[in-house]
>>> print(open('entry.cif').read())   # mmCIF, C-alpha atoms
data_my_file
#
loop_
_atom_site.label_atom_id
_atom_site.label_comp_id
_atom_site.auth_asym_id
_atom_site.auth_seq_id
_atom_site.Cartn_x
_atom_site.Cartn_y
_atom_site.Cartn_z
CA MET A 100 0.00 0.00 0.00
CA LYS A 101 2.83 2.41 0.87
CA ASN A 102 4.42 1.84 -2.53
CA GLU A 103 1.08 2.52 -4.23
CA ILE A 104 0.68 5.75 -2.26
CA LYS A 105 4.20 6.86 -3.08
CA GLY A 106 3.67 6.02 -6.74
CA CYS A 107 0.43 7.97 -6.81
CA ILE A 108 1.94 11.03 -5.14
CA LYS A 109 4.97 10.85 -7.41
CA ALA A 110 2.71 10.76 -10.46
CA LEU A 111 0.73 13.77 -9.25
CA GLY A 112 3.86 15.66 -8.35
CA LYS A 113 5.37 14.96 -11.74
CA LEU A 114 2.26 16.24 -13.48
CA ILE A 115 1.79 19.31 -11.31
CA PHE A 116 5.33 20.50 -10.74
CA SER A 117 7.14 19.58 -13.94
CA LEU A 118 6.24 22.20 -16.53
CA ASP A 119 7.77 20.28 -19.40
CA ASP A 120 5.73 17.19 -18.58
CA VAL A 121 2.54 19.23 -18.32
CA LEU A 122 3.17 20.84 -21.68
CA ASN A 123 3.93 17.50 -23.29
CA GLU A 124 0.85 15.81 -21.85
CA ALA A 125 -1.64 18.65 -22.18
CA VAL A 126 -4.64 17.93 -24.37
CA GLU A 127 -4.93 20.52 -27.13
CA PHE A 128 -8.44 21.40 -28.30
CA PRO A 129 -9.56 23.23 -31.45
CA LYS A 130 -10.46 26.89 -31.02
CA GLU A 131 -14.22 26.18 -31.12
CA HIS A 132 -13.89 24.61 -27.66
CA PHE A 133 -13.16 28.09 -26.31
CA GLN A 134 -15.79 30.04 -28.26
CA PRO A 135 -19.47 30.74 -27.45
CA CYS A 136 -21.88 28.06 -28.63
CA ALA A 137 -25.61 28.71 -28.35
CA ASN A 138 -26.72 25.35 -29.74
CA LEU A 139 -27.08 22.91 -26.87
CA LYS A 140 -26.45 19.73 -28.86
CA THR A 141 -23.42 21.17 -30.66
CA ASN A 142 -21.99 22.31 -27.34
CA LEU A 143 -22.49 18.90 -25.75
CA LYS A 144 -20.89 17.20 -28.75
CA LEU A 145 -17.81 19.36 -28.14
CA PHE A 146 -17.86 18.16 -24.54
CA ALA A 147 -18.06 14.54 -25.73
CA ALA A 148 -15.14 15.14 -28.10
CA ALA A 149 -13.11 16.57 -25.22
CA LEU A 150 -13.78 13.47 -23.12
CA GLN A 151 -12.68 11.23 -25.98
CA LYS A 152 -9.37 13.08 -26.09
CA ILE A 153 -8.99 12.83 -22.33
CA ASP A 154 -9.73 9.11 -22.49
CA GLY A 155 -7.10 8.64 -25.18
CA LYS A 156 -4.54 10.48 -23.08
CA TYR A 157 -4.99 8.41 -19.93
CA MET A 158 -5.82 4.93 -21.21
CA ALA A 159 -2.14 4.35 -22.02
CA ARG A 160 -1.05 5.31 -18.50
CA LYS A 161 -0.51 2.65 -15.86
CA ASP A 162 -0.12 4.75 -12.70
CA GLU A 163 -2.63 4.54 -9.89
CA CYS A 164 -3.76 8.16 -10.21
CA ARG A 165 -4.81 8.17 -13.85
CA ARG A 166 -8.53 7.92 -13.04
CA LEU A 167 -8.41 10.81 -10.59
CA MET A 168 -6.43 12.93 -13.05
CA ALA A 169 -8.86 12.07 -15.83
CA GLN A 170 -11.81 13.07 -13.65
CA GLU A 171 -10.19 16.43 -12.95
CA GLU A 172 -9.76 17.01 -16.68
CA VAL A 173 -13.41 16.05 -17.15
CA ALA A 174 -14.27 18.71 -14.56
CA LEU A 175 -12.34 21.27 -16.63
CA ALA A 176 -14.18 20.16 -19.78
CA LYS A 177 -17.48 20.67 -17.93
CA CYS A 178 -16.44 24.22 -17.03
CA LEU A 179 -15.64 24.96 -20.66
CA CYS A 180 -18.98 23.53 -21.76
CA HIS A 181 -20.80 25.87 -19.37
CA PHE A 182 -18.70 28.83 -20.48
CA ARG A 183 -19.54 28.18 -24.14
CA ALA A 184 -23.22 28.29 -23.16
CA GLY A 185 -22.80 31.59 -21.32
CA ASN A 186 -23.04 30.00 -17.86
CA PHE A 187 -20.65 31.53 -15.33
CA SER A 188 -20.09 31.44 -11.59
CA MET A 189 -17.12 32.25 -9.39
CA ASP A 190 -16.84 28.59 -8.42
CA LEU A 191 -16.66 27.52 -12.07
CA LEU A 192 -14.19 30.26 -12.97
CA GLN A 193 -11.89 29.48 -10.06
CA LYS A 194 -12.04 25.76 -10.77
CA ALA A 195 -11.26 26.32 -14.45
CA VAL A 196 -8.28 28.56 -13.68
CA THR A 197 -6.87 26.06 -11.18
CA LEU A 198 -7.32 23.03 -13.44
CA ALA A 199 -6.10 24.81 -16.57
CA ALA A 200 -2.89 25.72 -14.71
CA VAL A 201 -2.30 22.03 -14.02
CA TYR A 202 -3.63 20.28 -17.11
CA GLY A 203 -3.60 22.92 -19.85
CA THR A 204 -0.78 24.33 -21.91
CA ARG A 205 0.95 27.46 -20.68
CA ARG A 206 -0.99 29.49 -23.25
CA GLN A 207 -4.32 27.94 -22.24
CA ALA A 208 -3.61 28.61 -18.56
CA LYS A 209 -2.79 32.27 -19.20
CA GLU A 210 -5.83 32.77 -21.41
CA MET A 211 -8.11 31.06 -18.90
CA LYS A 212 -6.87 33.28 -16.08
CA ARG A 213 -7.24 36.43 -18.18
CA GLU A 214 -10.74 35.51 -19.39
CA ALA A 215 -11.87 34.52 -15.90
CA GLN A 216 -10.78 37.87 -14.50
CA LYS A 217 -12.53 39.70 -17.32
CA ILE A 218 -15.78 37.74 -16.88
CA ALA A 219 -15.77 38.12 -13.10
CA PHE A 220 -15.36 41.89 -13.49
CA GLN A 221 -17.86 42.16 -16.36
CA TYR A 222 -20.65 40.40 -14.45
CA ASP A 223 -19.60 41.52 -10.97
CA LEU A 224 -19.39 37.89 -9.88
CA ARG A 225 -17.31 38.79 -6.84
CA SER A 226 -20.38 40.43 -5.36
CA GLN A 227 -22.04 38.33 -2.66
CA ASN A 228 -25.42 39.05 -4.22
CA LYS A 229 -24.53 37.71 -7.66
CA ASN A 230 -22.78 34.36 -7.62
CA LEU A 231 -23.82 33.08 -11.04
CA VAL A 232 -24.76 34.30 -14.51
CA THR A 233 -26.91 32.39 -16.98
CA ASP A 234 -29.74 33.15 -19.36
CA SER A 235 -31.46 29.96 -18.22
CA LYS A 236 -31.15 28.05 -14.98
CA ALA A 237 -33.16 25.33 -16.69
CA LYS A 238 -30.52 24.99 -19.41
CA TRP A 239 -27.79 24.90 -16.76
CA GLU A 240 -29.47 21.96 -15.01
CA ILE A 241 -30.24 20.11 -18.26
CA MET A 242 -26.60 20.48 -19.30
CA GLU A 243 -25.43 19.08 -15.98
CA GLN A 244 -27.58 15.98 -16.39
CA LEU A 245 -26.62 15.37 -20.01
CA MET A 246 -22.93 15.94 -19.32
CA ALA A 247 -23.20 13.28 -16.61
CA ASP A 248 -24.71 10.91 -19.20
CA ILE A 249 -21.89 11.63 -21.65
CA ALA A 250 -19.27 11.13 -18.94
CA HIS A 251 -20.93 7.81 -18.08
CA ASN A 252 -20.72 6.66 -21.71
CA ILE A 253 -17.07 7.57 -22.28
CA ASN A 254 -15.84 7.11 -18.70
CA PRO A 255 -12.26 8.35 -19.34
CA ALA A 256 -9.37 6.20 -18.07
CA ASP A 257 -11.73 3.44 -17.01
CA TYR A 258 -13.88 0.71 -18.53
CA GLN A 259 -16.57 1.74 -21.01
CA PRO A 260 -19.98 0.62 -19.73
CA GLU A 261 -22.03 -1.71 -21.90
CA GLU A 262 -25.15 0.31 -21.05
CA GLN A 263 -24.72 3.43 -23.15
CA ILE A 264 -27.12 6.33 -22.65
CA ALA A 265 -28.58 7.78 -25.85
CA TRP A 266 -28.23 11.37 -24.65
CA GLU A 267 -28.86 12.87 -28.09
CA GLN A 268 -32.16 11.01 -28.28
CA ILE A 269 -33.08 12.31 -24.83
CA LEU A 270 -32.25 15.87 -25.86
CA ASP A 271 -34.16 15.59 -29.16
CA SER A 272 -37.23 14.27 -27.35
CA PHE A 273 -37.01 16.96 -24.69
CA GLU A 274 -36.68 19.77 -27.24
CA GLU A 275 -39.64 18.35 -29.18
CA LYS A 276 -41.73 18.44 -25.99
CA LEU A 277 -40.69 22.07 -25.48
CA ARG A 278 -41.81 22.95 -29.01
CA GLU A 279 -45.15 21.21 -28.49
CA LYS A 280 -45.79 23.42 -25.48
CA ASN A 281 -44.33 26.49 -27.17
CA LEU A 282 -41.68 26.81 -24.46
CA ASP A 283 -38.20 28.26 -24.71
CA LEU A 284 -35.51 27.51 -22.11
CA LYS A 285 -34.17 31.04 -22.32
CA GLY A 286 -34.92 32.91 -19.14
CA MET A 287 -36.54 29.89 -17.48
CA ASP A 288 -35.87 28.35 -14.09
CA TYR A 289 -35.66 24.60 -13.68
CA ASN A 290 -39.25 24.49 -12.47
CA SER A 291 -41.55 21.51 -12.02
CA GLU A 292 -42.86 21.73 -15.59
CA ILE A 293 -39.39 21.65 -17.14
CA GLU A 294 -38.30 18.89 -14.79
CA GLU A 295 -41.36 16.83 -15.70
CA LEU A 296 -40.74 17.25 -19.43
CA PHE A 297 -37.09 16.31 -19.14
CA THR A 298 -37.81 13.35 -16.87
CA SER A 299 -40.43 12.12 -19.32
CA ALA A 300 -37.99 12.40 -22.23
CA ARG A 301 -35.31 10.60 -20.26
CA GLU A 302 -37.52 7.78 -19.02
CA ALA A 303 -38.65 7.08 -22.58
CA VAL A 304 -35.01 6.38 -23.49
CA VAL A 305 -33.49 5.06 -20.27
CA PRO A 306 -35.36 2.11 -18.71
CA LEU A 307 -36.07 2.38 -14.99
CA LYS A 308 -33.80 -0.55 -14.09
CA LEU A 309 -30.91 0.99 -16.00
CA ALA A 310 -31.56 4.39 -14.42
CA GLU A 311 -31.39 2.81 -10.96
CA LYS A 312 -28.21 0.95 -11.88
CA LEU A 313 -26.63 4.16 -13.16
CA LYS A 314 -27.34 5.85 -9.84
CA GLU A 315 -25.65 2.98 -8.01
CA VAL A 316 -22.63 3.16 -10.32
CA ALA A 317 -22.37 6.92 -9.80
CA VAL A 318 -22.47 6.52 -6.02
CA GLU A 319 -19.83 3.79 -6.11
CA ARG A 320 -17.60 5.87 -8.38
CA THR A 321 -17.88 8.82 -5.99
CA LYS A 322 -16.90 6.60 -3.06
CA LYS A 323 -13.84 5.29 -4.90
CA GLN A 324 -12.74 8.79 -5.83
CA LYS A 325 -13.18 9.96 -2.24
CA THR A 326 -11.14 7.00 -0.98
CA LEU A 327 -8.33 7.79 -3.40
CA LEU A 328 -8.27 11.43 -2.35
CA GLU A 329 -8.14 10.44 1.32
CA THR A 330 -5.30 8.03 0.56
CA LEU A 331 -3.39 10.81 -1.14
CA GLU A 332 -3.89 13.12 1.83
CA ARG A 333 -2.64 10.47 4.26
CA GLY A 334 0.37 9.89 2.04
CA ARG A 335 1.28 13.57 2.20
CA GLU A 336 1.27 13.60 6.01
#
>>> encode(input="entry.cif", output="structure tokens")
Amino acid sequence: MKNEIKGCIKALGKLIFSLDDVLNEAVEFPKEHFQPCANLKTNLKLFAAALQKIDGKYMARKDECRRLMAQEEVALAKCLCHFRAGNFSMDLLQKAVTLAAVYGTRRQAKEMKREAQKIAFQYDLRSQNKNLVTDSKAKWEIMEQLMADIAHNINPADYQPEEQIAWEQILDSFEEKLREKNLDLKGMDYNSEIEELFTSAREAVVPLKLAEKLKEVAVERTKKQKTLLETLERGRE
């Protein structure tokens, strides 16, 4: 166990503190990953493409920390997906700056820090009364759920589940239901009506048994990640 802990810490230290290694391992994304994207499906496809790249980067690694590192890069990809949609919060901006400094190229890290400062100032996100900016809290929540589905399908640096979630089909069905009711997500909260429509679209695609299994898998994955983080902390002491 001690050797595993040392190996894990060594791998993290190498990634975090060796600039050359970070630059060599950093995943480079096309410029559209850093530009506004109003179309929800297009934006989520960019997120899926990012996860495929992350998966390719870490699948060849053998160290104990590859899954944790991959999950942190997934977290950065989630931030970028929100930013493309015009969703901002201080938590997201701070997380993106921190993760870009570790996993991005030097240029990406500098640009992320500069853009985060500009956005925080532009929207006064440092104010206690304004901790997030979005044109639709409903869209924010829908994105979170669909990004979780995409992350489940690709599952970077780990096994790919047999039960794949047809997230595009869920989104198409949901958007069709919105059109039928003449609803637009823009400016809407994630209220009971929106939740009911999305749940209905999801349940038509994802069987109940699979949905329950996915929840169990998500809980188990969270436990494993927490255990690894605790192991790392003990190893540093």
>>> resolve_selection(input="entry.cif", expression="the PyMOL selection byres ((chain A and resi 181) around 12)", output="MDAnalysis selection string")
chainID A and resid 132:139 142:143 145:146 174:180 182:188 190:192 195 231:236 238:243 246
>>> atom_distance(input="entry.cif", atom1="atom CA of A:Ala250", atom2="atom CA of A:Leu282")
27.9 Å
>>> residues_around(input="entry.cif", residues="A:Arg301", least_positions_apart="2", cutoff="10 Å", atoms="only C-alpha atoms", output="count of residues only")
20
>>> atom_distance(input="entry.cif", atom1="atom CA of A:Ala148", atom2="atom CA of A:Asp257")
16.5 Å
>>> closest_residue(input="entry.cif", among="A:Asp271, A:Glu163, A:Glu127, A:Asp223", to="A:Ala149", atoms="all atoms listed in the file")
A:Glu127
>>> closest_residue(input="entry.cif", among="A:Ala247, A:Met287, A:Met189, A:Ala237", to="A:Phe220", atoms="all atoms listed in the file")
A:Met189
>>> resolve_selection(input="entry.cif", expression="the PyMOL selection byres ((chain A and resi 196) around 9)", output="VMD selection string")
chain A and resid 175 191 to 195 197 to 201 208 to 209 211 to 212 215
>>> residues_around(input="entry.cif", residues="A:Lys156", least_positions_apart="6", cutoff="10 Å", atoms="all atoms listed in the file", output="PyMOL selection string")
chain A and resi 124-126+150+165+169+255-256
>>> write_last_selection(input="entry.cif", atoms="C-alpha atoms", output="short mmCIF file (atom, residue, chain, number, x, y, z; two decimals), in the frame of the given file")
data_model
loop_
_atom_site.label_atom_id
_atom_site.label_comp_id
_atom_site.auth_asym_id
_atom_site.auth_seq_id
_atom_site.Cartn_x
_atom_site.Cartn_y
_atom_site.Cartn_z
CA GLU A 124 0.85 15.81 -21.85
CA ALA A 125 -1.64 18.65 -22.18
CA VAL A 126 -4.64 17.93 -24.37
CA LEU A 150 -13.78 13.47 -23.12
CA ARG A 165 -4.81 8.17 -13.85
CA ALA A 169 -8.86 12.07 -15.83
CA PRO A 255 -12.26 8.35 -19.34
CA ALA A 256 -9.37 6.20 -18.07
#
>>> atom_distance(input="entry.cif", atom1="atom CA of A:Met158", atom2="atom CA of A:Tyr258")
9.5 Å
>>> closest_residue(input="entry.cif", among="A:Gln263, A:Asp162, A:Gln216, A:Asn290", to="A:Asp248", atoms="all atoms listed in the file")
A:Gln263
